[in-house]
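Colleague: Sharing my_file-v2.tsv, TSV, C-alpha atoms:
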chain	number	residue	atom	x	y	z
O	153	MET	CA	-101.57	33.43	-149.76
O	154	GLY	CA	-99.14	30.69	-148.83
O	155	THR	CA	-98.88	31.76	-145.16
O	156	LEU	CA	-99.01	29.00	-142.56
O	157	ILE	CA	-100.03	30.08	-139.03
O	158	LEU	CA	-98.79	27.78	-136.26
O	159	GLN	CA	-100.54	27.61	-132.92
O	160	GLY	CA	-99.45	26.39	-129.54
O	161	PHE	CA	-95.69	26.58	-130.13
O	162	ASP	CA	-93.07	27.58	-127.57
O	163	PRO	CA	-91.91	31.15	-128.44
O	164	ARG	CA	-88.57	30.44	-126.74
O	165	LYS	CA	-87.73	28.25	-129.73
O	166	ILE	CA	-87.48	31.31	-131.99
O	167	THR	CA	-86.39	33.97	-129.51
O	168	GLY	CA	-83.43	34.37	-127.20
O	169	LYS	CA	-79.95	35.75	-126.96
O	170	CYS	CA	-77.85	36.06	-130.09
O	171	SER	CA	-74.39	34.48	-130.23
O	172	GLY	CA	-71.33	36.27	-128.88
O	173	ALA	CA	-69.95	36.90	-132.37
O	174	LEU	CA	-73.23	38.41	-133.57
O	175	ARG	CA	-73.51	40.60	-130.46
O	176	GLN	CA	-69.95	41.79	-131.10
O	177	GLU	CA	-70.82	42.65	-134.70
O	178	PHE	CA	-73.93	44.62	-133.70
O	179	ARG	CA	-71.98	46.51	-131.01
O	180	GLU	CA	-69.19	47.45	-133.41
O	181	LEU	CA	-71.72	48.61	-136.00
O	182	GLU	CA	-73.31	50.88	-133.39
O	183	ILE	CA	-69.91	52.45	-132.64
O	184	LEU	CA	-69.13	52.88	-136.34
O	185	ASP	CA	-72.54	54.53	-136.78
O	186	ASP	CA	-71.69	56.91	-133.93
O	187	ILE	CA	-68.31	57.70	-135.48
O	188	THR	CA	-70.05	58.52	-138.77
O	189	LYS	CA	-72.43	60.88	-136.94
O	190	TYR	CA	-69.55	62.71	-135.25
O	191	ARG	CA	-67.71	62.95	-138.56
O	192	TYR	CA	-70.81	64.32	-140.31
O	193	GLU	CA	-71.33	66.91	-137.59
O	194	GLY	CA	-67.66	67.94	-137.70
O	195	LYS	CA	-67.15	66.95	-134.07
O	196	LEU	CA	-64.85	63.95	-134.54
O	197	SER	CA	-61.48	64.33	-132.81
O	198	LEU	CA	-58.27	64.13	-134.84
O	199	LYS	CA	-57.22	61.44	-132.39
O	200	VAL	CA	-59.69	59.10	-134.08
O	201	TYR	CA	-58.09	57.51	-137.14
O	202	GLY	CA	-57.60	54.21	-138.94
O	203	ASN	CA	-57.84	52.55	-142.33
O	204	ILE	CA	-59.42	49.42	-140.86
O	205	ARG	CA	-62.40	48.94	-138.56
O	206	ASN	CA	-60.49	47.67	-135.51
O	207	THR	CA	-58.06	50.60	-135.41
O	208	LEU	CA	-60.88	53.11	-135.91
O	209	ILE	CA	-62.94	51.66	-133.05
O	210	LYS	CA	-59.92	51.43	-130.75
O	211	THR	CA	-58.91	55.08	-131.22
O	212	PHE	CA	-62.55	56.22	-130.88
O	213	ARG	CA	-62.92	54.40	-127.55
O	214	GLU	CA	-59.62	55.84	-126.33
O	215	TRP	CA	-61.04	59.29	-127.09
O	216	LYS	CA	-64.54	58.77	-125.63
O	217	GLY	CA	-63.65	56.35	-122.84
O	218	GLN	CA	-63.95	52.57	-122.60
O	219	GLN	CA	-67.39	52.71	-120.94
O	220	TYR	CA	-68.90	55.13	-123.45
O	221	ILE	CA	-72.07	53.79	-125.08
O	222	PRO	CA	-73.92	55.65	-127.86
O	223	ASN	CA	-77.41	56.75	-126.79
O	224	LYS	CA	-79.29	54.76	-129.42
O	225	VAL	CA	-77.77	51.37	-128.59
O	226	HIS	CA	-80.53	48.86	-127.84
O	227	SER	CA	-80.64	47.50	-124.29
O	228	ALA	CA	-80.13	43.95	-125.60
O	229	ILE	CA	-76.61	44.72	-126.79
O	230	ARG	CA	-75.49	47.45	-124.38
O	231	TRP	CA	-72.18	46.69	-122.70
O	232	SER	CA	-71.01	47.24	-119.13
O	233	LYS	CA	-68.18	46.37	-116.74
O	234	HIS	CA	-69.80	42.96	-116.22
O	235	ASP	CA	-70.42	42.45	-119.95
O	236	PRO	CA	-67.63	44.47	-121.60
O	237	LEU	CA	-67.19	45.25	-125.28
O	238	LEU	CA	-64.23	43.18	-126.38
O	239	GLU	CA	-61.93	44.86	-128.87
O	240	SER	CA	-61.06	42.80	-131.92
O	241	GLU	CA	-57.44	41.99	-132.53
O	242	ILE	CA	-55.65	44.53	-134.72
O	243	ILE	CA	-53.64	42.67	-137.34
O	244	ASP	CA	-50.93	44.60	-139.17
O	245	ILE	CA	-51.51	43.16	-142.63
O	246	LYS	CA	-48.65	45.16	-144.15
O	247	LEU	CA	-46.21	43.78	-141.56
O	248	ILE	CA	-47.31	40.22	-142.30
O	249	GLN	CA	-47.09	40.79	-146.05
O	250	ASP	CA	-43.58	42.27	-145.70
O	251	SER	CA	-42.57	39.22	-143.69
O	252	ILE	CA	-43.92	36.91	-146.42
O	253	ASN	CA	-42.07	38.91	-149.10
O	254	VAL	CA	-38.81	38.61	-147.16
O	255	GLU	CA	-39.34	34.86	-146.82
O	256	ASN	CA	-40.05	34.55	-150.56
O	257	LYS	CA	-36.83	36.43	-151.36
O	258	LYS	CA	-34.85	34.05	-149.12
O	259	LYS	CA	-36.35	31.04	-150.90
O	260	ARG	CA	-35.60	32.57	-154.31
O	261	LYS	CA	-31.99	33.23	-153.24
O	262	ILE	CA	-31.61	29.59	-152.22
O	263	VAL	CA	-32.97	28.47	-155.60
O	264	ASP	CA	-30.59	30.87	-157.37
O	265	ASN	CA	-27.60	29.51	-155.44
O	266	ILE	CA	-28.54	25.91	-156.17
O	267	SER	CA	-29.10	26.71	-159.85
O	268	SER	CA	-25.72	28.45	-160.10
O	269	THR	CA	-23.96	25.56	-158.38
O	270	LEU	CA	-25.49	22.97	-160.66
O	271	ASN	CA	-25.17	25.26	-163.69
O	272	ILE	CA	-28.88	25.00	-164.35
O	273	SER	CA	-30.73	27.93	-165.85
O	274	LEU	CA	-33.64	29.24	-163.83
O	275	ALA	CA	-35.61	29.18	-167.06
O	276	THR	CA	-35.43	25.37	-167.07
O	277	ALA	CA	-35.42	24.86	-163.31
O	278	GLU	CA	-38.69	23.32	-162.23
O	279	ILE	CA	-40.29	23.85	-158.84
O	280	VAL	CA	-42.40	20.89	-157.76
O	281	GLU	CA	-46.04	21.94	-157.49
O	282	PRO	CA	-49.36	20.09	-157.56
O	283	LYS	CA	-50.23	19.21	-161.14
O	284	VAL	CA	-52.91	21.51	-162.50
O	285	LYS	CA	-54.35	22.03	-165.92
O	286	LYS	CA	-52.36	24.69	-167.76
O	287	VAL	CA	-54.28	27.42	-169.56
O	288	CYS	CA	-52.68	29.17	-172.53
O	289	LEU	CA	-52.90	32.94	-172.35
O	290	SER	CA	-52.41	35.56	-175.03
O	291	ARG	CA	-49.75	37.28	-172.91
O	292	ALA	CA	-46.82	35.77	-171.09
O	293	SER	CA	-47.67	33.33	-168.31
O	294	ILE	CA	-48.76	35.23	-165.22
O	295	GLU	CA	-46.02	35.63	-162.66
O	296	SER	CA	-46.56	33.49	-159.57
O	297	GLY	CA	-46.49	36.59	-157.35
O	298	ASN	CA	-47.74	36.42	-153.80
O	299	HIS	CA	-50.00	34.09	-151.89
O	300	TYR	CA	-51.96	35.79	-149.15
O	301	LEU	CA	-52.48	34.12	-145.79
O	302	ILE	CA	-54.80	37.02	-144.98
O	303	PRO	CA	-57.04	38.29	-147.82
O	304	ARG	CA	-55.93	41.68	-149.14
O	305	GLY	CA	-58.40	44.50	-148.80
O	306	MET	CA	-58.57	48.14	-149.78
O	307	ILE	CA	-58.33	51.41	-147.89
O	308	TRP	CA	-61.72	53.06	-147.58
O	309	SER	CA	-62.14	56.38	-149.37
O	310	ASN	CA	-65.14	58.51	-150.39
O	311	ASN	CA	-67.85	55.94	-149.66
O	312	SER	CA	-66.04	53.19	-151.56
O	313	CYS	CA	-67.47	50.34	-149.41
O	314	ALA	CA	-69.54	48.74	-152.17
O	315	TYR	CA	-66.68	48.76	-154.68
O	316	ASP	CA	-64.14	47.58	-152.08
O	317	SER	CA	-66.24	44.57	-151.11
O	318	VAL	CA	-66.83	43.46	-154.72
O	319	PHE	CA	-63.22	43.93	-155.86
O	320	THR	CA	-61.84	42.26	-152.73
O	321	VAL	CA	-63.95	39.17	-153.43
O	322	LEU	CA	-62.96	39.12	-157.12
O	323	PHE	CA	-59.27	39.51	-156.26
O	324	SER	CA	-59.50	36.68	-153.72
O	325	ILE	CA	-61.13	34.42	-156.32
O	326	TRP	CA	-58.50	35.39	-158.90
O	327	CYS	CA	-55.67	34.57	-156.46
O	328	GLY	CA	-57.11	31.08	-155.94
O	329	ASN	CA	-56.00	30.08	-159.44
O	330	LYS	CA	-54.43	33.02	-161.24
O	331	ASN	CA	-54.02	31.45	-164.68
O	332	LEU	CA	-57.50	29.94	-164.78
O	333	TRP	CA	-59.37	32.98	-163.49
O	334	HIS	CA	-57.38	35.44	-165.58
O	335	PHE	CA	-58.44	33.41	-168.60
O	336	ASN	CA	-62.07	33.32	-167.41
O	337	PHE	CA	-62.14	37.09	-166.78
O	338	GLN	CA	-60.63	37.78	-170.20
O	339	GLU	CA	-63.29	35.58	-171.81
O	340	ILE	CA	-66.03	37.86	-170.47
O	341	ASP	CA	-66.82	40.37	-173.17
O	342	ASN	CA	-66.43	43.41	-170.93
O	343	PRO	CA	-63.55	45.91	-171.17
O	344	PHE	CA	-63.77	46.77	-167.46
O	345	ILE	CA	-63.43	43.14	-166.34
O	346	LYS	CA	-60.48	42.68	-168.71
O	347	ALA	CA	-58.81	45.81	-167.35
O	348	LEU	CA	-59.47	44.59	-163.81
O	349	ALA	CA	-57.89	41.20	-164.51
O	350	ASN	CA	-54.78	42.86	-165.97
O	351	GLY	CA	-54.67	45.16	-162.96
O	352	PHE	CA	-54.75	42.17	-160.60
O	353	ILE	CA	-51.47	41.01	-162.14
O	354	ASP	CA	-49.88	44.37	-161.30
O	355	ALA	CA	-51.29	44.29	-157.76
O	356	ASN	CA	-50.14	40.72	-157.24
O	357	ASN	CA	-46.58	41.71	-158.17
O	358	ASN	CA	-46.65	44.95	-156.15
O	359	ARG	CA	-46.51	47.24	-159.19
O	360	LYS	CA	-49.84	48.91	-158.36
O	361	THR	CA	-52.16	49.12	-155.40
O	362	LEU	CA	-55.67	47.67	-155.46
O	363	GLU	CA	-56.97	51.18	-154.82
O	364	ALA	CA	-55.25	52.48	-157.97
O	365	ILE	CA	-56.66	49.64	-160.05
I'd like the structure from this file rewritten - as structure tokens, please.

Modeller:
Amino acid sequence: MGTLILQGFDPRKITGKCSGALRQEFRELEILDDITKYRYEGKLSLKVYGNIRNTLIKTFREWKGQQYIPNKVHSAIRWSKHDPLLESEIIDIKLIQDSINVENKKKRKIVDNISSTLNISLATAEIVEPKVKKVCLSRASIESGNHYLIPRGMIWSNNSCAYDSVFTVLFSIWCGNKNLWHFNFQEIDNPFIKALANGFIDANNNRKTLEAI
């Protein structure tokens, strides 16, 4: 019931090649599936490693060869010399984060020097920020911590994909407005959410890793 059958339409309107980005995603998933099979069978080389997808695929292709294609890859997405599989850029998130931390320390040092020169206590020094509604918390105001140009993720371990995806999204939301979302999380009557929100503070100030939390 409720099915409408159309007649006389051009099938080319609903069929055709998928976009380059989607083809890339399907190809990478096929390689990751092949890596999983080799790992399960105990045949995966020690040369294949990586905590992120791009590194894992790169080292696997270096081991198997750039033109290697898993047997079960559909003909629609198979790659060749004329239609090569492009490797995604490998971004060293830790290097970028370290660079941001160094820059933050430089800015803090400048503020300290100015405060000392003007004999103004940092406790009363005010950094100009967009005006936002302040939320009173039961604990001390959350430290400003870091702002992430690239969303922070977690290192995969023991089939943790489902947890990693959920917690990464929650942490990204929390970072968008730390005071507001910490308050919202605490308002949820759930001890695990409350513990997670408190853990985000530690992660944001580099006292704990997201994996540990």

Colleague: Select, counting only C-alpha atoms, all protein, DNA and RNA residues no farther than 12 Å from (-60.9, 51.8, -136.8) in file coordinates, and express the selection as a VMD selection string.

Modeller: chain O and resid 180 to 181 183 to 185 187 to 188 199 to 214 239 to 243 307 to 308

Colleague: Go ahead and save the residues from that selection, with C-alpha atoms, as a compact mmCIF listing (two decimals), in the coordinates of the input.

Modeller:
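Contents of again_1.txt, freshly written:
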# COMPACT_ATOMS: atom_id res chain seq x y z
CA GLU O 180 -69.19 47.45 -133.41
CA LEU O 181 -71.72 48.61 -136.00
CA ILE O 183 -69.91 52.45 -132.64
CA LEU O 184 -69.13 52.88 -136.34
CA ASP O 185 -72.54 54.53 -136.78
CA ILE O 187 -68.31 57.70 -135.48
CA THR O 188 -70.05 58.52 -138.77
CA LYS O 199 -57.22 61.44 -132.39
CA VAL O 200 -59.69 59.10 -134.08
CA TYR O 201 -58.09 57.51 -137.14
CA GLY O 202 -57.60 54.21 -138.94
CA ASN O 203 -57.84 52.55 -142.33
CA ILE O 204 -59.42 49.42 -140.86
CA ARG O 205 -62.40 48.94 -138.56
CA ASN O 206 -60.49 47.67 -135.51
CA THR O 207 -58.06 50.60 -135.41
CA LEU O 208 -60.88 53.11 -135.91
CA ILE O 209 -62.94 51.66 -133.05
CA LYS O 210 -59.92 51.43 -130.75
CA THR O 211 -58.91 55.08 -131.22
CA PHE O 212 -62.55 56.22 -130.88
CA ARG O 213 -62.92 54.40 -127.55
CA GLU O 214 -59.62 55.84 -126.33
CA GLU O 239 -61.93 44.86 -128.87
CA SER O 240 -61.06 42.80 -131.92
CA GLU O 241 -57.44 41.99 -132.53
CA ILE O 242 -55.65 44.53 -134.72
CA ILE O 243 -53.64 42.67 -137.34
CA ILE O 307 -58.33 51.41 -147.89
CA TRP O 308 -61.72 53.06 -147.58

Colleague: Could you tell me, as a VMD selection string, which residues have any atom at most 12 Å from (-57.2, 43.9, -165.6), counting only C-alpha atoms?

Modeller: chain O and resid 319 322 to 323 326 333 to 338 340 342 to 356 360 362 364 to 365

Colleague: So how many Å separate atom CA of Ile221 of chain O and atom CA of Lys189 of chain O, to one decimal?

Modeller: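 Separating atom CA of Ile221 of chain O from atom CA of Lys189 of chain O is a distance of 13.8 Å.
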
Colleague: Can you tell me how far atom CA of Cys327 of chain O sits from atom CA of Asn358 of chain O, in Å to one decimal?

Modeller: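 Answer for the atom CA of Cys327 of chain O to atom CA of Asn358 of chain O separation: 13.8 Å.
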
Colleague: Could you list, as a list in words, every residue within 8 Å of segment 162-179 of chain O, counting all atoms listed in the file and ignoring same-chain residues fewer than 6 positions away?

Modeller: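 These residues fall inside the cut-off: Val225, Ile229, Arg230, Leu237 and Leu238 of chain O.
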
Colleague: Would you mind reading off the distance between atom CA of Ser317 of chain O and atom CA of Gly305 of chain O, one decimal, in Å?

Modeller: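 Computing it gives 8.2 Å between the two atoms.
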